[in-house]
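Engineer: Please see the structure below; I have some questions.
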Amino acid sequence: MIKTGDRVRFLNSVGGGIVKAFQGKNIVLVEDESGFDFPVAISECVVTGSGDDAMRDSRLPAGEPPAKPQKSAPAPEAQIRNVMETPGGERLNVFLACLPVDPKALLCGRYEIYFINESNYYLYFNYMLRNNSSCESRFHGLIEPHTKLFMEEFPKEDLNSMERVCIQMIAFKKNRPFALKNAFSIELRLDTVKFYKRHCFTENEYFDEDALIIPVVRSDVPEKTLLVPATEIQEAMLRKKQDDEQKTPPPAPRHKKAGDPVVEVDLHIGQLLDDTRGMTASDMLNYQLDKFRETLKQYAGKKGQRIVFIHGKGEGVLRTAIEKELKTHYKSYTFQDASFKEYGFGATLVKIR
């Protein structure tokens with residue numbers, strides 16, 4: 001059993017250190033030779049020295065100098081220096097990786113985020129989140145060549161605050177000459193919508209599980225830095241304010257024009273709700289289907305009534321759900337694609353029978 005003060009090495013990556021503290025039941029903080037603390041899963045640690053051995057120096061009698069390390073027992077740093085370099089590793093390739101803690105609860109669960117260093121260089125790095133004009137450091141430390149490092153676990157509710165990620169890095173090698181690399185300061189916009197799409201989590205060479213891989217630096221070239229002039233932000237905010245003041249949500253359902261028996265119902269979530277913050281993709285789909293059912297109930301007694309439900313093309317999720325509802329609960333009604341000239345491929349025409 002691992003105890004505070006034990007010396008450990010990492011099972012699936014190079015390195016190790018002294019156990020300083022515990023984070024929950026499954027994570028320990030390991031201090032490396034540089035004095036940095038790293039959170040590591042207990043299952044990834046192997047004890048190489050007991051806590052009594054690690055604390056022996058602190059129990060020496062007064063005036064007795066601590067024993068010098070034996071040359072026959074090299075410190076873990078000697079292992080760290082024996083890096084297996086690759087030709088392609090002379091160029092920096094750095095990634096972030098996000099994995100769902102429970103792949104079966106992708107839409108409502110928690111996520112882990114890792115820092116991946118696919119190069120022959122050590123990297124001092126700082127991982128931050130930007131909030132307006134300031135940054136919050138979420139993790140910093142040293143990562144060894146050709147390794148991955150767990151940084152944090154976060155709930156789905158934090159995604160809205162993680163749209164702007166900042167990374168700072170300095171690359172170097174230990175005890176050998178190396179080509180000088182630029183110090184990077186990179187700001188990325190995270191596409192948080194991908195966290196709701198299973199196909200965005202793909203098979204990869206870094207994990208046994210599917211993961212969302214986010215490039216930071218590829219072949220020494222950083223991803224495009226997010227730079228938005230303050231004047232553009234101010235203008236965009238002003239336009240949004242004017243649009244909000246002038247915005248009048250269209251009634252749904254509504255008649256297309258006088259004398260036209262066709263009723264149009266726009267099911268785009270932006271037309272149904274002014275604010276969807278805090279709603280999951282499943283919540284929004286259910287709200288749209290409720291509006292669909294409510295409309296059919298309203299016109300249930302009007303035989304021959306034609307209703308156009310505008311759902312958009314997108315990925316076809318809402319369209320498929322509507323067709324399933326019609327085939328299951330409204331078998332007497334007929335339906336088909338609405339006029340392509342008027343609605344493109346994004347609408348379904350339903351006729352009440």
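Following the order of the structure tokens, chains are lettered A, B, ..., residues in each are numbered from 1, and ligands are numbered from 1.
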Can you tell me, as a list in words, what residues are no more than 7 Å from Asn126 (chain A) when counting only C-alpha atoms, ignoring any on the same chain fewer than 4 positions away?
Structural biologist: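 In the requested form, the answer reads Ser137, Phe139, His140, Gly141, Ile167, Gln168 and Met169 of chain A.
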Engineer: Suppose we keep C-alpha atoms; can you now write the selection as a tab-separated table (two decimals), in the first residue's frame?
Structural biologist:
chain	number	residue	atom	x	y	z
A	137	SER	CA	-3.55	28.72	-14.22
A	139	PHE	CA	-1.88	23.15	-14.05
A	140	HIS	CA	1.85	23.70	-14.53
A	141	GLY	CA	4.91	21.51	-14.40
A	167	ILE	CA	-0.59	27.22	-23.13
A	168	GLN	CA	2.92	28.53	-22.40
A	169	MET	CA	5.96	26.28	-23.01
Engineer: Please provide the set of residues having any atom within 8 Å of Ile113 (chain A), restricted to only C-alpha atoms, with same-chain residues fewer than 6 positions apart removed, written as a PyMOL selection string.
Structural biologist: chain A and resi 96-99+150-153
Engineer: Those residues with C-alpha atoms, as a PDB file, in the first residue's frame please?
Structural biologist:
ATOM      1  CA  LEU A  96      -4.227  18.164 -25.413  1.00  0.00           C
ATOM      2  CA  ALA A  97      -6.427  15.088 -25.006  1.00  0.00           C
ATOM      3  CA  CYS A  98      -9.888  14.888 -23.459  1.00  0.00           C
ATOM      4  CA  LEU A  99     -11.504  11.598 -22.428  1.00  0.00           C
ATOM      5  CA  PHE A 150      -2.893  13.901 -16.450  1.00  0.00           C
ATOM      6  CA  MET A 151      -3.809  17.489 -15.555  1.00  0.00           C
ATOM      7  CA  GLU A 152      -7.362  17.620 -14.230  1.00  0.00           C
ATOM      8  CA  GLU A 153     -10.855  16.166 -14.185  1.00  0.00           C
TER       9      GLU A 153
END
Engineer: Interatomic distance between CA of Leu129 (chain A) and CA of Glu163 (chain A)?
Structural biologist: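 Pair CA of Leu129 (chain A) / CA of Glu163 (chain A) returns 8.0 Å.
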Engineer: Go ahead and compute the interatomic distance for CA of Gly17 (chain A) and CA of Glu33 (chain A), in Å to one decimal.
Structural biologist: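 These two atoms are separated by 6.6 Å.
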Engineer: From the options A:Val262, A:Gly5, A:Ala183, A:Leu142, which residue's atoms come nearest to Asp37 (chain A), counting only C-alpha atoms?
Structural biologist: A:Leu142
Engineer: Produce a table with one row for each residue of region 83-181 of chain A that has an atom at most 10 Å from any atom of region 274-290 of chain A, each row naming the nearest atom pair and its distance in Å at one decimal; use only C-alpha atoms; arrange rows by chain and rising residue number; format as CSV.
Structural biologist:
residue,atom,partner,partner_atom,distance
A:Leu107,CA,A:Thr280,CA,7.1
A:Cys108,CA,A:Thr280,CA,7.8
A:Lys156,CA,A:Thr280,CA,9.5
A:Glu157,CA,A:Gly278,CA,7.5
A:Asn160,CA,A:Arg277,CA,8.9
Engineer: One number please: CA of Thr86 (chain A) to CA of Asn120 (chain A), in Å, one decimal.
Structural biologist: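 Atom-to-atom, CA of Thr86 (chain A) to CA of Asn120 (chain A), that is 6.9 Å.
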Engineer: Assign secondary structure with DSSP using the backbone only, and return the residues of region 19-219 of chain A in strand (DSSP E or B) as a PyMOL selection string.
Structural biologist: chain A and resi 19-23+27-31+37-41+45-49+94-100+110-117+122-131+134-143+147-155+164-172+184-189+202+211-218
